$ cat coords.txt   # compact mmCIF, C-alpha atoms
# COMPACT_ATOMS: atom_id res chain seq x y z
CA MET A 1 115.23 15.99 178.15
CA ALA A 2 112.75 16.46 175.30
CA ASN A 3 113.81 20.08 175.05
CA ALA A 4 117.45 19.01 174.84
CA PHE A 5 116.83 16.58 171.99
CA CYS A 6 114.84 19.17 170.05
CA HIS A 7 117.66 21.70 170.24
CA ARG A 8 120.73 19.48 170.16
CA ASP A 9 123.28 20.07 167.38
CA TYR A 10 123.65 16.63 165.79
CA ALA A 11 126.46 17.92 163.57
CA VAL A 12 128.82 17.86 166.56
CA PRO A 13 130.83 14.62 166.18
CA GLY A 14 130.72 12.33 169.18
CA GLY A 15 128.36 14.63 171.04
CA THR A 16 125.56 13.37 173.23
CA VAL A 17 122.98 14.68 175.66
CA ALA A 18 124.44 13.96 179.09
CA VAL A 19 122.87 14.02 182.54
CA ALA A 20 125.03 14.44 185.65
CA MET A 21 123.57 14.13 189.15
CA TYR A 22 125.26 15.70 192.16
CA ASP A 23 124.28 16.00 195.81
CA ASP A 24 122.92 19.50 195.34
CA ARG A 25 122.09 19.79 191.63
CA LEU A 26 121.37 18.08 188.33
CA GLU A 27 123.02 19.17 185.08
CA ILE A 28 121.98 18.41 181.51
CA THR A 29 124.68 19.05 178.93
CA ASN A 30 123.73 19.42 175.28
CA PRO A 31 126.13 19.73 172.31
CA GLY A 32 125.77 22.97 170.35
CA ASP A 33 125.20 26.66 170.96
CA PHE A 34 122.28 29.02 171.37
CA HIS A 35 120.87 29.94 167.96
CA PHE A 36 118.51 32.47 166.39
CA GLY A 37 119.38 35.21 168.88
CA ILE A 38 118.33 33.17 171.92
CA THR A 39 120.10 34.01 175.18
CA PRO A 40 119.83 32.44 178.67
CA GLU A 41 117.89 35.50 179.82
CA ARG A 42 115.32 35.19 177.02
CA LEU A 43 114.64 31.57 177.93
CA LEU A 44 113.13 32.69 181.24
CA GLY A 45 110.37 34.66 179.53
CA PRO A 46 108.04 34.33 176.53
CA HIS A 47 110.08 33.91 173.36
CA GLU A 48 109.81 32.67 169.82
CA SER A 49 111.00 29.10 169.49
CA LYS A 50 112.87 27.86 166.44
CA PRO A 51 113.92 24.27 167.18
CA TRP A 52 117.28 23.34 165.72
CA ASN A 53 115.63 20.01 164.87
CA PRO A 54 112.08 20.82 163.73
CA ILE A 55 111.35 17.25 162.58
CA ILE A 56 112.15 15.86 166.03
CA ALA A 57 110.12 18.65 167.63
CA SER A 58 107.18 17.83 165.35
CA VAL A 59 107.31 14.14 166.28
CA PHE A 60 107.45 15.01 169.99
CA HIS A 61 104.49 17.36 169.55
CA ARG A 62 102.39 14.71 167.82
CA ALA A 63 103.29 12.20 170.52
CA GLY A 64 102.17 14.64 173.21
CA ILE A 65 105.66 14.92 174.71
CA ILE A 66 105.70 18.68 174.12
CA GLU A 67 102.65 20.93 174.04
CA ARG A 68 103.67 23.69 171.67
CA TRP A 69 106.86 25.36 170.59
CA GLY A 70 108.16 28.20 172.71
CA THR A 71 106.72 26.98 176.02
CA GLY A 72 109.28 24.33 176.98
CA THR A 73 111.57 26.47 179.10
CA LEU A 74 108.63 28.34 180.64
CA ASN A 75 107.08 25.04 181.73
CA ILE A 76 110.40 23.91 183.17
CA VAL A 77 110.67 27.10 185.22
CA ASP A 78 107.07 26.75 186.45
CA TRP A 79 107.54 23.10 187.44
CA CYS A 80 110.67 23.92 189.43
CA ARG A 81 108.88 26.68 191.32
CA GLU A 82 105.86 24.47 191.98
CA ASN A 83 108.22 22.02 193.69
CA GLY A 84 109.74 24.78 195.80
CA ASN A 85 113.03 24.83 193.90
CA PRO A 86 114.74 27.76 192.18
CA ALA A 87 114.45 28.30 188.45
CA PRO A 88 117.10 26.46 186.43
CA ALA A 89 120.09 28.28 184.97
CA TRP A 90 121.18 27.99 181.34
CA THR A 91 124.81 28.61 180.40
CA GLN A 92 126.90 28.17 177.28
CA GLU A 93 130.33 26.62 177.71
CA SER A 94 132.79 25.65 174.97
CA GLY A 95 130.29 24.56 172.35
CA THR A 96 127.79 23.06 174.78
CA VAL A 97 124.67 24.33 176.49
CA VAL A 98 124.30 23.38 180.14
CA VAL A 99 121.10 23.65 182.17
CA THR A 100 121.54 23.36 185.93
CA PHE A 101 118.73 22.42 188.30
CA CYS A 102 119.48 23.18 191.94
CA ARG A 103 117.42 21.98 194.85
CA VAL A 104 116.57 23.55 198.17
CA PRO A 105 118.29 21.55 200.94
CA SER A 106 116.06 19.72 203.39
CA ARG A 107 115.72 20.93 206.97
CA GLU A 108 118.01 18.14 208.14
CA GLU A 109 120.68 19.07 205.58
CA ALA A 110 120.43 22.73 206.50
CA GLU A 111 120.94 21.89 210.17
CA LEU A 112 123.89 19.62 209.45
CA GLY A 113 125.52 22.09 207.08
CA PRO A 114 127.31 21.23 203.84
CA SER A 115 128.71 17.75 203.31
CA ARG A 116 132.44 17.19 203.31
CA ASP A 117 132.41 17.19 199.49
CA GLN A 118 130.71 20.58 199.41
CA VAL A 119 132.80 22.33 202.04
CA GLY A 120 134.92 24.83 200.16
CA THR A 121 137.47 27.53 200.75
CA LYS A 122 137.62 31.14 199.64
CA SER A 123 139.62 29.90 196.67
CA GLY A 124 136.51 27.96 195.62
CA LEU A 125 138.02 24.53 196.23
CA ASN A 126 136.50 21.77 198.30
CA GLN A 127 138.61 19.50 200.48
CA HIS A 128 138.92 16.73 197.89
CA GLN A 129 140.06 19.14 195.19
CA VAL A 130 142.77 20.50 197.47
CA VAL A 131 143.98 16.94 198.07
CA ILE A 132 143.98 16.26 194.32
CA LEU A 133 145.98 19.39 193.56
CA ARG A 134 148.51 18.56 196.26
CA ARG A 135 148.94 15.04 194.91
CA CYS A 136 149.37 16.38 191.39
CA LEU A 137 152.30 18.57 192.31
CA ASN A 138 153.87 15.31 191.15
CA GLU A 139 152.16 13.69 188.16
CA ASN A 140 149.41 11.27 189.18
CA ALA A 141 147.16 8.83 187.33
CA LEU A 142 143.38 8.99 187.71
CA LEU A 143 143.15 5.77 189.74
CA ASP A 144 145.76 7.02 192.21
CA LEU A 145 143.78 10.23 192.69
CA MET A 146 140.55 8.30 193.20
CA ASN A 147 142.20 6.19 195.88
CA ALA A 148 143.57 9.30 197.55
CA VAL A 149 140.07 10.67 198.18
CA GLY A 150 138.28 7.34 198.57
CA ARG A 151 136.26 7.41 195.35
CA LYS A 152 135.10 4.37 193.39
CA ASN A 153 133.05 5.69 190.45
CA ARG A 154 135.42 6.82 187.70
CA THR A 155 132.83 8.81 185.73
CA LYS A 156 131.49 10.72 188.73
CA PHE A 157 135.01 11.40 189.93
CA ARG A 158 135.97 12.89 186.57
CA ASP A 159 132.80 15.00 186.36
CA GLN A 160 132.73 16.23 189.95
CA PHE A 161 136.41 16.79 190.65
CA ILE A 162 138.78 16.49 187.69
CA LYS A 163 136.76 18.34 185.03
CA PRO A 164 136.17 21.48 187.16
CA LEU A 165 139.88 21.66 187.93
CA LEU A 166 140.78 21.25 184.26
CA ASP A 167 138.22 23.87 183.22
CA ALA A 168 139.63 26.28 185.80
CA ARG A 169 143.15 25.53 184.51
CA LEU A 170 144.28 24.51 187.96
CA LEU A 171 145.05 21.04 186.64
CA GLU A 172 146.32 19.85 183.26
CA MET A 173 146.74 16.57 181.41
CA THR A 174 150.17 15.22 180.63
CA ILE A 175 148.82 13.96 177.28
CA PRO A 176 146.24 16.60 176.32
CA ASP A 177 145.93 15.36 172.73
CA LYS A 178 144.78 11.94 173.97
CA PRO A 179 142.54 12.58 176.99
CA ASN A 180 141.50 8.91 177.25
CA SER A 181 145.00 7.47 176.97
CA ARG A 182 145.76 4.69 179.46
CA LEU A 183 149.02 6.54 180.14
CA GLN A 184 147.21 9.77 180.99
CA LYS A 185 148.28 11.55 184.14
CA TYR A 186 147.49 14.90 185.70
CA ARG A 187 149.67 17.65 187.10
CA THR A 188 148.98 20.85 188.98
CA THR A 189 149.49 24.10 187.09
CA ALA A 190 151.07 27.25 188.49
CA ALA A 191 147.57 28.60 189.10
CA GLY A 192 146.70 25.38 190.92
CA ALA A 193 149.76 25.68 193.15
CA LYS A 194 148.70 29.22 193.99
CA ALA A 195 145.20 27.99 194.84
CA ILE A 196 146.71 25.42 197.22
CA SER A 197 148.65 28.17 198.99
CA GLU A 198 145.52 30.29 199.28
CA SER A 199 143.53 27.40 200.74
CA GLU A 200 146.27 26.71 203.30
CA SER A 201 146.43 30.38 204.32
CA GLU A 202 142.71 30.26 205.15
CA ARG A 203 143.19 27.67 207.86
$ encode --input "coords.txt" --output "structure tokens"
Amino acid sequence: MANAFCHRDYAVPGGTVAVAMYDDRLEITNPGDFHFGITPERLLGPHESKPWNPIIASVFHRAGIIERWGTGTLNIVDWCRENGNPAPAWTQESGTVVVTFCRVPSREEAELGPSRDQVGTKSGLNQHQVVILRRCLNENALLDLMNAVGRKNRTKFRDQFIKPLLDARLLEMTIPDKPNSRLQKYRTTAAGAKAISESESER
């Protein structure tokens, strides 16, 4: 988190550092882009660090939150490996930087196999997403979709199911200019309808 605040682009209006927890991973989303020639690959090795917010970085350094510039991502990688987990992955998506921490499943989870939310098809969809796309062949509101798959938490539902479908252009908003409108509904795109057909053919 300290690394995210040091490198966040505070010029992005309405942006915020966000943390999303899933069954198999944790994601930290940070407004902005990679700067100064930094790439995801370079973050995994020694590199020169130029914090986008040097004043914040200096305060964190004096407070002992960070040791020295240029070692943050290396420490993160080392800590993950010490805990028996894979190194995190950094990606850049639509003006945001996302770091994903995956965990190694426990022995019990490995024996049981993936949960019903994680079971997917060759089309890359899990069971809930297929249900959502089917429902949205006719326009549906968010609450109706949540009820269809037995979900209660609106934020988690958006992050785990709706957003990936929107990003993949399998689903679209009926009022794209006002994403938070109380009248907002969702409908399946032509690509989404094709994905439904592919998932059904795999049965």
$ atom_distance --input "coords.txt" --atom1 "CA of Ala193 in chain A" --atom2 "CA of Ala148 in chain A"
18.1 Å
$ residues_near_point --input "coords.txt" --point "(152.4, 11.3, 185.3)" --cutoff "8 Å" --atoms "all atoms listed in the file" --output "MDAnalysis selection string"
chainID A and resid 138:141 174 183:187
$ atom_distance --input "coords.txt" --atom1 "CA of Glu198 in chain A" --atom2 "CA of Leu125 in chain A"
9.9 Å
$ residues_around --input "coords.txt" --residues "Ile76 in chain A" --least-positions-apart "6" --cutoff "10 Å" --atoms "only C-alpha atoms" --output "MDAnalysis selection string"
chainID A and resid 3 44 82 87:88 101
$ residues_around --input "coords.txt" --residues "Leu143 in chain A" --least-positions-apart "5" --cutoff "12 Å" --atoms "only C-alpha atoms" --output "count of residues only"
17
$ atom_distance --input "coords.txt" --atom1 "CA of Lys178 in chain A" --atom2 "CA of Phe161 in chain A"
19.3 Å
$ closest_residue --input "coords.txt" --among "A:His128, A:Asn30, A:Thr91, A:Asp159" --to "Leu145 in chain A" --atoms "only C-alpha atoms"
A:His128
$ closest_residue --input "coords.txt" --among "A:Thr29, A:Met173, A:Gly95, A:Pro46" --to "Gly72 in chain A" --atoms "all atoms listed in the file"
A:Pro46
$ closest_residue --input "coords.txt" --among "A:Met146, A:Asp177, A:Arg42, A:Arg134" --to "Lys194 in chain A" --atoms "all atoms listed in the file"
A:Arg134
$ closest_residue --input "coords.txt" --among "A:Gln129, A:Thr16, A:Thr100, A:Thr39" --to "Val77 in chain A" --atoms "all atoms listed in the file"
A:Thr100
$ closest_residue --input "coords.txt" --among "A:Thr73, A:Asn180, A:Gln160, A:Thr189" --to "Asp24 in chain A" --atoms "all atoms listed in the file"
A:Gln160
$ closest_residue --input "coords.txt" --among "A:Arg135, A:Arg169, A:Val130, A:Gly84" --to "Ser197 in chain A" --atoms "all atoms listed in the file"
A:Val130
$ residues_around --input "coords.txt" --residues "Leu74 in chain A" --least-positions-apart "4" --cutoff "9 Å" --atoms "all atoms listed in the file" --output "compact mmCIF listing (two decimals) with C-alpha atoms, keeping the file's coordinate frame"
# COMPACT_ATOMS: atom_id res chain seq x y z
CA LEU A 43 114.64 31.57 177.93
CA LEU A 44 113.13 32.69 181.24
CA GLY A 45 110.37 34.66 179.53
CA PRO A 46 108.04 34.33 176.53
CA GLY A 70 108.16 28.20 172.71
CA ASP A 78 107.07 26.75 186.45
CA TRP A 79 107.54 23.10 187.44
